[in-house]
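Dumped run_3.cif below, it's mmCIF, C-alpha atoms:
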```cif
data_target
#
loop_
_atom_site.label_atom_id
_atom_site.label_comp_id
_atom_site.auth_asym_id
_atom_site.auth_seq_id
_atom_site.Cartn_x
_atom_site.Cartn_y
_atom_site.Cartn_z
CA MET W 92 -22.36 2.93 -21.91
CA SER W 93 -22.68 0.22 -19.27
CA GLU W 94 -21.91 -3.51 -19.34
CA THR W 95 -23.14 -5.94 -16.67
CA HIS W 96 -21.27 -8.87 -15.12
CA ASP W 97 -22.03 -11.21 -12.26
CA LEU W 98 -18.88 -9.96 -10.51
CA VAL W 99 -16.93 -6.79 -11.24
CA ILE W 100 -13.47 -6.64 -9.65
CA VAL W 101 -11.39 -3.49 -9.32
CA GLY W 102 -7.75 -4.39 -8.85
CA ALA W 103 -5.86 -7.23 -10.56
CA GLY W 104 -3.39 -7.97 -7.80
CA PRO W 105 -3.34 -11.31 -5.94
CA ALA W 106 -6.78 -10.83 -4.31
CA GLY W 107 -8.49 -9.64 -7.49
CA VAL W 108 -7.00 -12.38 -9.66
CA ALA W 109 -7.87 -15.09 -7.11
CA ALA W 110 -11.47 -13.86 -6.93
CA ALA W 111 -11.75 -13.71 -10.72
CA LEU W 112 -10.43 -17.25 -11.16
CA THR W 113 -12.69 -18.66 -8.44
CA ALA W 114 -15.77 -16.94 -9.87
CA ALA W 115 -14.95 -17.93 -13.45
CA ARG W 116 -14.50 -21.58 -12.45
CA HIS W 117 -18.05 -21.43 -11.09
CA ARG W 118 -19.30 -20.11 -14.46
CA LEU W 119 -19.85 -16.52 -13.40
CA SER W 120 -19.27 -13.67 -15.82
CA VAL W 121 -16.39 -11.57 -14.50
CA GLY W 122 -15.04 -8.13 -15.35
CA LEU W 123 -11.54 -7.38 -14.02
CA VAL W 124 -10.25 -3.78 -14.05
CA ASP W 125 -6.74 -2.52 -13.31
CA GLU W 126 -4.69 0.61 -14.01
CA TYR W 127 -1.64 -1.39 -15.10
CA PRO W 128 -1.24 -3.12 -18.47
CA GLU W 129 -0.74 -6.58 -16.96
CA PRO W 130 -2.40 -8.42 -14.04
CA GLY W 131 -0.43 -9.41 -10.96
CA GLY W 132 -0.05 -6.29 -8.87
CA GLN W 133 3.19 -5.15 -7.30
CA TYR W 134 3.92 -8.50 -5.65
CA PHE W 135 3.98 -10.64 -8.80
CA ARG W 136 5.69 -8.05 -11.00
CA PRO W 137 9.18 -9.48 -11.66
CA VAL W 138 12.45 -7.60 -12.07
CA PRO W 139 13.02 -7.25 -15.86
CA ALA W 140 15.31 -9.77 -17.51
CA ALA W 141 17.55 -6.88 -18.61
CA PHE W 142 18.67 -6.62 -15.00
CA ARG W 143 20.91 -9.08 -13.27
CA GLN W 144 19.45 -11.95 -11.30
CA PRO W 145 15.87 -13.20 -11.00
CA GLY W 146 14.00 -12.33 -7.84
CA PRO W 147 12.66 -14.76 -5.22
CA HIS W 148 9.13 -14.54 -6.61
CA ASP W 149 9.94 -15.45 -10.22
CA ASP W 150 9.54 -19.20 -9.58
CA ASP W 151 6.79 -18.74 -6.97
CA PRO W 152 4.15 -21.44 -7.63
CA ARG W 153 1.47 -18.88 -6.77
CA ARG W 154 2.36 -17.07 -10.01
CA THR W 155 0.40 -19.71 -11.94
CA VAL W 156 -2.72 -17.64 -11.30
CA LEU W 157 -1.37 -15.07 -13.75
CA GLU W 158 -1.21 -17.64 -16.55
CA GLU W 159 -4.54 -19.19 -15.68
CA ILE W 160 -6.42 -15.89 -15.71
CA ARG W 161 -5.66 -15.52 -19.43
CA HIS W 162 -7.28 -18.87 -20.18
CA GLN W 163 -10.50 -18.16 -18.28
CA ASP W 164 -13.51 -16.34 -19.68
CA VAL W 165 -12.73 -13.08 -17.88
CA ASP W 166 -13.30 -9.61 -19.32
CA LEU W 167 -9.87 -8.07 -18.68
CA ARG W 168 -9.87 -4.26 -18.66
CA MET W 169 -6.17 -3.56 -18.22
CA GLY W 170 -4.79 -0.03 -18.35
CA MET W 171 -8.11 1.29 -17.08
CA ALA W 172 -8.64 3.37 -13.93
CA ALA W 173 -11.79 3.10 -11.82
CA TRP W 174 -12.62 6.56 -10.48
CA GLY W 175 -16.00 6.17 -8.78
CA LEU W 176 -18.48 3.64 -7.44
CA PHE W 177 -22.10 4.64 -7.87
CA PRO W 178 -25.53 3.27 -6.84
CA GLU W 179 -26.59 -0.11 -8.20
CA ARG W 180 -22.91 -1.13 -8.09
CA ARG W 181 -21.85 0.84 -11.17
CA VAL W 182 -18.08 1.25 -11.49
CA ALA W 183 -17.02 4.32 -13.51
CA LEU W 184 -13.97 3.81 -15.74
CA SER W 185 -11.49 6.29 -17.15
CA ASP W 186 -12.57 5.63 -20.76
CA GLY W 187 -16.02 7.02 -19.97
CA THR W 188 -17.78 3.65 -19.69
CA PHE W 189 -19.28 1.78 -16.74
CA LEU W 190 -19.15 -1.79 -15.53
CA GLN W 191 -22.14 -2.85 -13.47
CA GLY W 192 -21.97 -5.89 -11.24
CA ARG W 193 -24.48 -8.04 -9.44
CA ALA W 194 -21.61 -7.95 -6.97
CA VAL W 195 -18.50 -5.74 -6.87
CA LEU W 196 -15.15 -6.49 -5.24
CA VAL W 197 -12.75 -3.65 -4.47
CA ALA W 198 -9.22 -5.04 -4.28
CA THR W 199 -7.22 -1.90 -5.00
CA GLY W 200 -4.41 -2.75 -2.62
CA ALA W 201 -2.65 -0.17 -0.46
CA TYR W 202 -0.42 2.85 -0.65
CA GLU W 203 2.65 3.70 1.34
CA ARG W 204 2.70 5.73 4.51
CA CYS W 205 5.28 8.50 4.30
CA LEU W 206 6.65 10.66 7.09
CA GLY W 207 7.69 14.26 6.53
CA PHE W 208 11.19 15.49 7.34
CA PRO W 209 13.41 18.32 6.10
CA GLY W 210 14.17 17.73 2.43
CA TRP W 211 11.54 15.06 1.78
CA THR W 212 10.13 17.04 -1.16
CA LEU W 213 13.49 17.31 -2.98
CA PRO W 214 13.88 15.57 -6.35
CA GLY W 215 15.61 12.28 -5.62
CA VAL W 216 13.45 11.42 -2.59
CA MET W 217 10.87 8.78 -3.49
CA SER W 218 8.63 6.22 -1.86
CA ALA W 219 10.18 2.77 -1.68
CA GLY W 220 7.26 1.34 -3.66
CA GLY W 221 7.70 3.97 -6.36
CA ILE W 222 11.34 2.98 -6.72
CA GLN W 223 10.42 -0.68 -7.01
CA LEU W 224 7.75 0.12 -9.59
CA LEU W 225 10.25 1.98 -11.77
CA VAL W 226 12.74 -0.88 -11.54
CA LYS W 227 10.22 -3.64 -12.17
CA SER W 228 7.90 -2.08 -14.73
CA GLN W 229 9.86 0.63 -16.52
CA ARG W 230 13.38 -0.82 -16.41
CA ILE W 231 14.51 2.47 -14.93
CA LEU W 232 17.12 2.67 -12.19
CA PRO W 233 16.28 6.06 -10.63
CA GLY W 234 19.57 6.38 -8.75
CA GLN W 235 22.98 4.80 -8.32
CA ARG W 236 23.78 5.56 -4.69
CA VAL W 237 20.71 4.84 -2.59
CA LEU W 238 19.71 5.07 1.06
CA LEU W 239 16.49 3.32 2.16
CA SER W 240 14.68 4.30 5.36
CA GLY W 241 11.40 3.31 6.97
CA CYS W 242 9.58 0.55 8.83
CA GLY W 243 8.78 -3.00 7.88
CA PRO W 244 10.01 -5.93 5.79
CA PHE W 245 9.07 -4.28 2.47
CA LEU W 246 12.38 -2.40 2.58
CA LEU W 247 14.22 -5.69 2.00
CA PRO W 248 12.78 -6.64 -1.43
CA VAL W 249 13.22 -3.04 -2.58
CA ALA W 250 16.87 -3.15 -1.52
CA ALA W 251 17.35 -6.52 -3.22
CA ASP W 252 15.77 -5.30 -6.46
CA LEU W 253 18.01 -2.22 -6.47
CA LEU W 254 21.15 -4.22 -5.75
CA GLU W 255 20.37 -6.77 -8.45
CA ALA W 256 19.71 -3.93 -10.89
CA GLY W 257 23.20 -2.56 -10.27
CA ALA W 258 22.63 0.19 -7.68
CA ASN W 259 24.79 0.77 -4.62
CA VAL W 260 22.50 0.66 -1.57
CA VAL W 261 24.59 2.40 1.08
CA ALA W 262 22.32 1.26 3.94
CA VAL W 263 18.83 0.08 4.87
CA LEU W 264 17.55 1.92 7.97
CA GLU W 265 14.82 0.18 9.97
CA ALA W 266 13.21 2.53 12.49
CA VAL W 267 11.86 -0.32 14.61
CA PRO W 268 14.39 -1.69 17.15
CA TRP W 269 15.96 -5.09 16.64
CA SER W 270 14.17 -6.63 19.63
CA ARG W 271 10.75 -5.97 18.10
CA THR W 272 11.85 -7.15 14.65
CA PHE W 273 13.24 -10.34 16.17
CA ARG W 274 9.97 -11.13 17.94
CA PHE W 275 8.06 -10.63 14.70
CA GLY W 276 10.62 -12.71 12.78
CA VAL W 277 10.09 -15.72 15.02
CA HIS W 278 6.37 -15.53 14.16
CA ALA W 279 6.85 -14.78 10.46
CA LEU W 280 9.44 -17.47 9.73
CA ALA W 281 7.01 -20.24 10.63
CA SER W 282 6.13 -20.13 6.91
CA ALA W 283 8.48 -22.00 4.56
CA ASP W 284 7.88 -19.44 1.82
CA ARG W 285 8.77 -16.52 4.09
CA ARG W 286 11.92 -18.38 5.20
CA ARG W 287 12.92 -18.76 1.56
CA GLN W 288 12.38 -15.06 0.90
CA ALA W 289 14.28 -14.06 4.05
CA ARG W 290 17.28 -16.20 2.99
CA HIS W 291 17.28 -14.57 -0.43
CA TYR W 292 17.17 -11.02 0.94
CA ALA W 293 19.77 -11.72 3.63
CA ALA W 294 22.13 -13.32 1.09
CA THR W 295 21.69 -10.41 -1.31
CA LEU W 296 22.48 -7.79 1.34
CA LEU W 297 25.47 -9.79 2.60
CA ARG W 298 26.83 -10.33 -0.90
CA HIS W 299 26.74 -6.60 -1.56
CA ARG W 300 27.90 -5.69 1.99
CA THR W 301 24.84 -3.51 2.54
CA PRO W 302 24.30 -2.56 6.21
CA TYR W 303 20.84 -3.29 7.66
CA ILE W 304 20.61 -0.97 10.67
CA HIS W 305 17.83 -1.22 13.25
CA GLY W 306 16.62 1.60 15.46
CA ALA W 307 17.70 4.25 12.93
CA SER W 308 16.04 6.62 10.51
CA MET W 309 16.56 9.33 7.97
CA VAL W 310 16.32 12.77 9.59
CA GLU W 311 17.18 15.16 6.75
CA VAL W 312 17.99 15.24 3.04
CA PHE W 313 19.72 18.21 1.50
CA GLY W 314 21.30 19.36 -1.74
CA GLU W 315 21.15 22.23 -4.23
CA GLY W 316 17.86 21.55 -6.02
CA GLU W 317 18.10 17.77 -5.60
CA ALA W 318 19.07 15.12 -3.07
CA ARG W 319 22.85 15.00 -2.69
CA TRP W 320 23.40 14.25 0.99
CA ALA W 321 21.35 12.46 3.62
CA ARG W 322 21.62 12.71 7.39
CA TRP W 323 20.48 9.78 9.49
CA ALA W 324 20.57 9.06 13.20
CA ARG W 325 20.01 6.36 15.79
CA LEU W 326 16.66 6.51 17.58
CA ASP W 327 15.78 6.25 21.25
CA ALA W 328 13.03 4.00 22.62
CA LEU W 329 10.30 6.44 21.54
CA GLY W 330 11.74 7.08 18.11
CA TYR W 331 13.38 10.45 18.74
CA PRO W 332 16.84 10.94 17.14
CA ARG W 333 19.59 10.38 19.70
CA PRO W 334 21.83 13.43 20.11
CA GLY W 335 25.35 12.89 18.82
CA THR W 336 24.51 9.88 16.60
CA ALA W 337 23.86 11.68 13.31
CA GLN W 338 25.86 10.63 10.25
CA GLU W 339 25.90 12.00 6.72
CA VAL W 340 26.20 9.99 3.52
CA GLU W 341 26.40 11.04 -0.11
CA VAL W 342 23.39 9.88 -2.14
CA ASP W 343 21.52 10.55 -5.34
CA LEU W 344 18.37 8.65 -4.33
CA VAL W 345 16.55 8.25 -1.00
CA GLY W 346 13.72 5.74 -0.63
CA ILE W 347 11.25 6.07 2.25
CA GLY W 348 8.49 3.68 3.29
CA PHE W 349 6.91 3.52 6.74
CA GLY W 350 4.37 0.78 6.14
CA PHE W 351 1.13 0.67 4.18
CA VAL W 352 -2.38 2.07 4.41
CA PRO W 353 -5.42 0.31 2.87
CA ALA W 354 -6.62 2.01 -0.32
CA VAL W 355 -10.29 2.52 0.53
CA GLU W 356 -11.15 5.50 -1.69
CA LEU W 357 -13.60 3.64 -3.92
CA LEU W 358 -15.35 2.15 -0.91
CA ASP W 359 -15.67 5.66 0.49
CA THR W 360 -17.41 6.88 -2.68
CA ALA W 361 -19.99 4.13 -2.15
CA ASP W 362 -20.54 5.17 1.49
CA ALA W 363 -19.26 1.88 2.89
CA LYS W 364 -18.55 2.16 6.62
CA LEU W 365 -14.85 2.54 7.50
CA VAL W 366 -13.34 1.93 10.94
CA TYR W 367 -9.91 2.61 12.39
CA ASP W 368 -8.17 -0.70 13.09
CA ALA W 369 -4.45 -0.72 13.94
CA ASP W 370 -4.33 -4.49 13.36
CA ARG W 371 -5.27 -3.86 9.72
CA GLY W 372 -3.05 -0.85 9.09
CA GLY W 373 -5.41 2.08 9.76
CA TRP W 374 -8.77 3.03 8.25
CA ALA W 375 -10.31 -0.11 6.77
CA PRO W 376 -13.81 -1.29 5.81
CA ALA W 377 -16.19 -2.85 8.32
CA LEU W 378 -16.66 -6.38 6.95
CA THR W 379 -18.75 -9.47 7.51
CA GLU W 380 -17.15 -12.92 7.61
CA ALA W 381 -17.90 -13.14 3.88
CA LEU W 382 -15.89 -9.89 3.38
CA GLU W 383 -19.00 -7.91 2.46
CA THR W 384 -19.05 -4.23 3.40
CA THR W 385 -22.03 -2.39 4.89
CA VAL W 386 -23.21 -1.79 1.29
CA PRO W 387 -25.02 -4.95 0.11
CA GLY W 388 -23.20 -6.69 -2.72
CA LEU W 389 -20.01 -4.67 -2.23
CA PHE W 390 -16.96 -6.64 -1.05
CA ALA W 391 -13.35 -5.86 -0.14
CA ALA W 392 -10.34 -8.19 -0.13
CA GLY W 393 -6.56 -8.13 -0.04
CA GLU W 394 -4.74 -5.08 1.28
CA THR W 395 -7.90 -3.00 0.80
CA ALA W 396 -9.49 -5.08 3.56
CA GLY W 397 -6.38 -4.75 5.75
CA ILE W 398 -2.61 -5.04 5.32
CA GLY W 399 -1.67 -8.71 5.50
CA GLY W 400 0.47 -10.02 2.66
CA VAL W 401 0.02 -12.10 -0.47
CA ASP W 402 -1.23 -15.34 1.11
CA LEU W 403 -4.01 -13.55 2.95
CA ALA W 404 -4.92 -11.66 -0.22
CA LEU W 405 -5.20 -14.89 -2.22
CA ALA W 406 -7.37 -16.51 0.45
CA GLU W 407 -9.67 -13.49 0.69
CA GLY W 408 -10.05 -13.34 -3.08
CA ARG W 409 -11.15 -16.98 -3.10
CA ILE W 410 -13.63 -16.31 -0.28
CA VAL W 411 -15.32 -13.53 -2.25
CA GLY W 412 -15.43 -15.61 -5.44
CA LEU W 413 -17.05 -18.51 -3.59
CA GLU W 414 -19.49 -16.28 -1.72
CA VAL W 415 -20.71 -14.55 -4.88
CA ALA W 416 -21.01 -17.88 -6.70
CA ARG W 417 -23.10 -19.32 -3.88
CA ARG W 418 -25.38 -16.27 -3.79
CA LEU W 419 -25.99 -16.54 -7.52
CA GLY W 420 -27.03 -20.16 -7.23
CA ARG W 421 -23.89 -21.99 -8.34
CA PRO W 422 -22.98 -25.22 -6.54
CA VAL W 423 -20.23 -24.51 -4.02
CA SER W 424 -18.53 -27.08 -1.81
CA ASP W 425 -19.05 -26.43 1.91
CA GLU W 426 -15.69 -28.07 2.59
CA GLU W 427 -13.90 -25.67 0.26
CA VAL W 428 -15.56 -22.70 1.93
CA LYS W 429 -14.67 -23.94 5.42
CA GLY W 430 -11.10 -24.66 4.35
CA VAL W 431 -10.38 -21.23 2.92
CA HIS W 432 -11.99 -19.50 5.91
CA ALA W 433 -9.79 -21.54 8.24
CA GLN W 434 -6.75 -20.58 6.16
CA ARG W 435 -7.69 -16.90 6.42
CA ARG W 436 -8.12 -17.06 10.20
CA GLY W 437 -4.60 -18.44 10.54
CA LEU W 438 -3.14 -15.75 8.28
CA LEU W 439 -4.89 -12.94 10.15
CA SER W 440 -2.68 -13.57 13.18
CA PHE W 441 0.39 -12.97 11.02
CA ALA W 442 -1.16 -9.79 9.60
CA SER W 443 -1.93 -8.46 13.07
CA ALA W 444 1.62 -9.19 14.25
CA LEU W 445 3.04 -7.44 11.17
CA ASN W 446 1.00 -4.28 11.60
CA ARG W 447 1.66 -4.00 15.32
CA ALA W 448 5.39 -4.73 15.08
CA PHE W 449 6.15 -2.10 12.46
CA VAL W 450 4.17 0.91 13.61
CA PRO W 451 6.35 4.02 13.03
CA PRO W 452 7.74 5.14 16.41
CA PRO W 453 5.89 8.26 17.63
CA GLY W 454 9.07 10.29 18.02
CA LEU W 455 9.58 10.35 14.24
CA SER W 456 6.78 12.92 13.98
CA SER W 457 9.20 15.39 15.59
CA LEU W 458 11.02 15.52 12.23
CA LEU W 459 8.05 17.44 10.83
CA ARG W 460 9.47 20.85 11.72
CA ASP W 461 7.56 24.10 11.22
CA ASP W 462 9.21 24.88 7.89
CA VAL W 463 8.65 21.40 6.40
CA THR W 464 6.03 21.07 3.66
CA VAL W 465 3.08 18.90 4.67
CA CYS W 466 0.84 19.14 1.60
CA ARG W 467 2.96 18.94 -1.53
CA CYS W 468 0.04 19.86 -3.81
CA ASP W 469 -0.93 23.05 -1.95
CA GLU W 470 2.56 23.65 -0.49
CA SER W 471 1.17 24.09 3.03
CA THR W 472 3.83 23.89 5.74
CA ALA W 473 3.60 22.26 9.15
CA ALA W 474 3.51 25.73 10.76
CA GLU W 475 0.40 26.69 8.75
CA VAL W 476 -1.37 23.47 9.71
CA VAL W 477 -0.40 23.81 13.38
CA ARG W 478 -1.79 27.34 13.56
CA VAL W 479 -5.17 26.06 12.41
CA ILE W 480 -5.03 23.11 14.83
CA ASP W 481 -4.23 25.44 17.73
CA ARG W 482 -7.29 27.52 16.84
CA GLY W 483 -9.41 24.46 17.64
CA CYS W 484 -9.58 22.58 14.33
CA HIS W 485 -9.09 19.00 15.54
CA ASN W 486 -10.62 16.98 12.69
CA ILE W 487 -9.08 16.11 9.31
CA ASP W 488 -12.19 17.02 7.32
CA SER W 489 -12.51 20.42 8.98
CA LEU W 490 -8.77 20.99 8.53
CA LYS W 491 -9.29 20.48 4.81
CA CYS W 492 -11.67 23.47 4.75
CA GLU W 493 -9.01 25.70 6.33
CA VAL W 494 -5.74 24.78 4.60
CA ARG W 495 -6.96 22.88 1.50
CA ILE W 496 -5.21 19.60 2.30
CA GLY W 497 -6.45 16.71 0.21
CA MET W 498 -7.57 18.91 -2.69
CA GLY W 499 -4.62 18.12 -4.97
CA SER W 500 -4.00 15.24 -7.31
CA CYS W 501 -2.97 12.85 -4.52
CA GLN W 502 -6.39 13.36 -2.86
CA GLY W 503 -4.80 13.45 0.59
CA ARG W 504 -2.92 10.16 0.37
CA LEU W 505 0.31 11.83 1.47
CA CYS W 506 -0.79 14.82 3.52
CA ALA W 507 -3.79 13.45 5.45
CA PRO W 508 -1.73 10.97 7.56
CA LEU W 509 0.85 13.69 8.26
CA CYS W 510 -1.86 16.14 9.34
CA GLY W 511 -3.43 13.44 11.48
CA ASP W 512 -0.07 12.97 13.22
CA LEU W 513 0.15 16.71 13.84
CA ILE W 514 -3.33 16.81 15.41
CA VAL W 515 -2.51 13.84 17.64
CA ARG W 516 0.78 15.46 18.66
CA ARG W 517 -0.79 18.83 19.46
CA THR W 518 -3.98 17.62 21.16
CA GLY W 519 -3.37 14.10 22.50
CA LEU W 520 -6.49 12.85 20.69
CA SER W 521 -6.67 9.33 19.31
CA ARG W 522 -6.45 8.66 15.57
CA GLU W 523 -10.12 7.60 15.63
CA ALA W 524 -11.12 10.96 17.11
CA VAL W 525 -9.05 12.84 14.55
CA GLY W 526 -11.05 11.17 11.77
CA ARG W 527 -10.21 10.88 8.09
CA LEU W 528 -10.80 12.61 4.79
CA HIS W 529 -14.18 11.73 3.27
CA LEU W 530 -13.67 11.43 -0.45
CA ARG W 531 -15.96 11.86 -3.40
CA PRO W 532 -15.41 10.89 -7.03
CA PRO W 533 -13.31 11.19 -9.03
CA VAL W 534 -10.72 9.52 -6.81
CA ARG W 535 -8.24 9.32 -9.69
CA PRO W 536 -7.26 11.93 -12.28
CA VAL W 537 -9.40 11.18 -15.36
CA PRO W 538 -10.03 12.80 -18.75
CA VAL W 539 -12.88 15.29 -18.88
CA THR W 540 -14.64 12.96 -21.33
CA ALA W 541 -14.93 10.36 -18.56
CA LEU W 542 -17.06 12.86 -16.64
CA THR W 543 -19.09 14.30 -19.51
CA ASN W 544 -20.19 10.82 -20.54
CA MET W 545 -22.21 10.69 -17.32
CA LEU W 546 -24.44 13.55 -18.49
#
```
Could you render the structure from this file as structure tokens?
Amino acid sequence: MSETHDLVIVGAGPAGVAAALTAARHRLSVGLVDEYPEPGGQYFRPVPAAFRQPGPHDDDPRRTVLEEIRHQDVDLRMGMAAWGLFPERRVALSDGTFLQGRAVLVATGAYERCLGFPGWTLPGVMSAGGIQLLVKSQRILPGQRVLLSGCGPFLLPVAADLLEAGANVVAVLEAVPWSRTFRFGVHALASADRRRQARHYAATLLRHRTPYIHGASMVEVFGEGEARWARWARLDALGYPRPGTAQEVEVDLVGIGFGFVPAVELLDTADAKLVYDADRGGWAPALTEALETTVPGLFAAGETAGIGGVDLALAEGRIVGLEVARRLGRPVSDEEVKGVHAQRRGLLSFASALNRAFVPPPGLSSLLRDDVTVCRCDESTAAEVVRVIDRGCHNIDSLKCEVRIGMGSCQGRLCAPLCGDLIVRRTGLSREAVGRLHLRPPVRPVPVTALTNML
């Protein structure tokens, strides 16, 4: 069964909601799909009232888009996964139906980049975003004594959410040195909203006496069947652990997050061209100024188009909504179009600075020792992958044929970046030369009925 809309949007985060509102205001029929039961994405999902204090985003004026979307004529398909994008812009849904769009916007956000180290597969080691999701959506505090480690400002809201929920965050470890963070901070704090957020996070960490340590990282987690102790160390200029600086702390939860990677799986199933762009966080779609991919009528916005934050996502969502409305003959103000494009250009400089400032230091890849698991689904170790690389397999796709990376339920989201790091380390090739996994549907686990309905 297939239903047609002027614009079908996959992803109800800031970019998807902004595009839906803009299109609906111009009298377009809109279908909005998201895996979660409520629109808003991770950014606008508040800490539950059962926990202590409200977060800095609870009174954010940008949250009004979440109320407005419910009063617009938008076909909301919440709790629904999109698992494939087929010819004629047909989006396959997990209930076995299709949404077909005269235009389609993929705004599926991003996923976290993890780095492998001894003990990273133990129960009690989680991604920072996964921790935040449990706290915000499920009212679950997954640990009481927590150590956070990674790169980038996202560690701060996760720490604040945990502290306000009653956890003891023993430290926040930022792998990037203070000098680089400071240079980025001068750029970032030009925004009044980011200054407000920074004050909130700084006050929260100070109130709870939580150390925020730069130039340091987790190096090992250990315990009998679960995370009980964590070892961390100071890093040198290249990101290698400094000898003699290791410290051990008792924990029951470790959160790791080394930045974000655009979620481009659906675009891949539609054969949209992807390019490696460090300024956008890695592999991202090739886009026109209107944010259209190389597939006519297929657009990308928000973190899917490149890691850049909520303001950029909102602006890009509006751009797509206006562009589709104009193509379908609705009256669109040239001044509004010029204004939102100018806003996006200004925000892109912040996004570029963010992605370049918080690149994981190369020395951290040394933590991926031979006995460390690389692919959690197939249980392949670094030693197994390295043996194949040393035999001349220097491409991610060909590596998949040899050691079955990317064939599990995560579809390579965790293991592909780690294997790419191993190839770069062993061969000296660039990330572009190493390539990426080419995916085919289904890109999400779906019921068998979702597939049989295609027959």
Per-residue nearest contacts of stretch 407-508 of chain W to stretch 210-216 of chain W (9 Å; only C-alpha atoms) as a Markdown table:
```
| residue | atom | partner | partner_atom | distance |
| --- | --- | --- | --- | --- |
| W:Val463 | CA | W:Gly210 | CA | 7.7 |
| W:Thr464 | CA | W:Thr212 | CA | 7.5 |
| W:Arg467 | CA | W:Thr212 | CA | 7.4 |
```
Selected by the PyMOL selection byres ((chain W and resi 261) around 12) in the shown coordinates: which residues, as a compact mmCIF listing (two decimals) with C-alpha atoms, in the coordinates of the input?
```txt
# COMPACT_ATOMS: atom_id res chain seq x y z
CA GLY W 234 19.57 6.38 -8.75
CA GLN W 235 22.98 4.80 -8.32
CA ARG W 236 23.78 5.56 -4.69
CA VAL W 237 20.71 4.84 -2.59
CA LEU W 238 19.71 5.07 1.06
CA LEU W 239 16.49 3.32 2.16
CA SER W 240 14.68 4.30 5.36
CA ALA W 250 16.87 -3.15 -1.52
CA LEU W 253 18.01 -2.22 -6.47
CA LEU W 254 21.15 -4.22 -5.75
CA ALA W 258 22.63 0.19 -7.68
CA ASN W 259 24.79 0.77 -4.62
CA VAL W 260 22.50 0.66 -1.57
CA ALA W 262 22.32 1.26 3.94
CA VAL W 263 18.83 0.08 4.87
CA LEU W 264 17.55 1.92 7.97
CA LEU W 296 22.48 -7.79 1.34
CA HIS W 299 26.74 -6.60 -1.56
CA ARG W 300 27.90 -5.69 1.99
CA THR W 301 24.84 -3.51 2.54
CA PRO W 302 24.30 -2.56 6.21
CA TYR W 303 20.84 -3.29 7.66
CA ILE W 304 20.61 -0.97 10.67
CA TRP W 320 23.40 14.25 0.99
CA ALA W 321 21.35 12.46 3.62
CA TRP W 323 20.48 9.78 9.49
CA GLU W 339 25.90 12.00 6.72
CA VAL W 340 26.20 9.99 3.52
CA GLU W 341 26.40 11.04 -0.11
CA VAL W 342 23.39 9.88 -2.14
CA ASP W 343 21.52 10.55 -5.34
CA LEU W 344 18.37 8.65 -4.33
CA VAL W 345 16.55 8.25 -1.00
CA GLY W 346 13.72 5.74 -0.63
```
- Message: At a cut-off of 9 Å, using all atoms listed in the file, what residues contact W:Val121? Leave out same-chain residues fewer than 6 positions from it and give the result as a ChimeraX atom specification.
- Response: /W:96-100,111-112,114-115,164-167,192
Selection under test: the PyMOL selection byres ((chain W and resi 191) around 9); residues as a short mmCIF file (atom, residue, chain, number, x, y, z; two decimals) with C-alpha atoms, keeping the file's coordinate frame:
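Dumped everything to selection.cif:
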```cif
data_model
loop_
_atom_site.label_atom_id
_atom_site.label_comp_id
_atom_site.auth_asym_id
_atom_site.auth_seq_id
_atom_site.Cartn_x
_atom_site.Cartn_y
_atom_site.Cartn_z
CA SER W 93 -22.68 0.22 -19.27
CA GLU W 94 -21.91 -3.51 -19.34
CA THR W 95 -23.14 -5.94 -16.67
CA HIS W 96 -21.27 -8.87 -15.12
CA ASP W 97 -22.03 -11.21 -12.26
CA LEU W 98 -18.88 -9.96 -10.51
CA VAL W 99 -16.93 -6.79 -11.24
CA GLU W 179 -26.59 -0.11 -8.20
CA ARG W 180 -22.91 -1.13 -8.09
CA ARG W 181 -21.85 0.84 -11.17
CA VAL W 182 -18.08 1.25 -11.49
CA ALA W 183 -17.02 4.32 -13.51
CA PHE W 189 -19.28 1.78 -16.74
CA LEU W 190 -19.15 -1.79 -15.53
CA GLY W 192 -21.97 -5.89 -11.24
CA ARG W 193 -24.48 -8.04 -9.44
CA ALA W 194 -21.61 -7.95 -6.97
CA VAL W 195 -18.50 -5.74 -6.87
#
```
Using all atoms listed in the file and a cutoff of 8 Å, can you tell me which residues are near (19.0, 8.3, 12.9) in the file's coordinates, and write them out as a PDB file with C-alpha atoms, in the frame of the given file?
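Result file is selection02.pdb:
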```pdb
ATOM      1  CA  GLY W 306      16.620   1.600  15.460  1.00  0.00           C
ATOM      2  CA  ALA W 307      17.700   4.250  12.930  1.00  0.00           C
ATOM      3  CA  SER W 308      16.040   6.620  10.510  1.00  0.00           C
ATOM      4  CA  MET W 309      16.560   9.330   7.970  1.00  0.00           C
ATOM      5  CA  VAL W 310      16.320  12.770   9.590  1.00  0.00           C
ATOM      6  CA  ARG W 322      21.620  12.710   7.390  1.00  0.00           C
ATOM      7  CA  TRP W 323      20.480   9.780   9.490  1.00  0.00           C
ATOM      8  CA  ALA W 324      20.570   9.060  13.200  1.00  0.00           C
ATOM      9  CA  ARG W 325      20.010   6.360  15.790  1.00  0.00           C
ATOM     10  CA  LEU W 326      16.660   6.510  17.580  1.00  0.00           C
ATOM     11  CA  PRO W 332      16.840  10.940  17.140  1.00  0.00           C
ATOM     12  CA  ARG W 333      19.590  10.380  19.700  1.00  0.00           C
ATOM     13  CA  THR W 336      24.510   9.880  16.600  1.00  0.00           C
ATOM     14  CA  ALA W 337      23.860  11.680  13.310  1.00  0.00           C
ATOM     15  CA  GLN W 338      25.860  10.630  10.250  1.00  0.00           C
TER      16      GLN W 338
END
```
- Which residue of W:Ala381, W:Ala106, W:Ala294, W:Val465 approaches W:Glu394 most closely, using all atoms listed in the file: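 Using all atoms listed in the file, W:Glu394 sits closest to W:Ala106.
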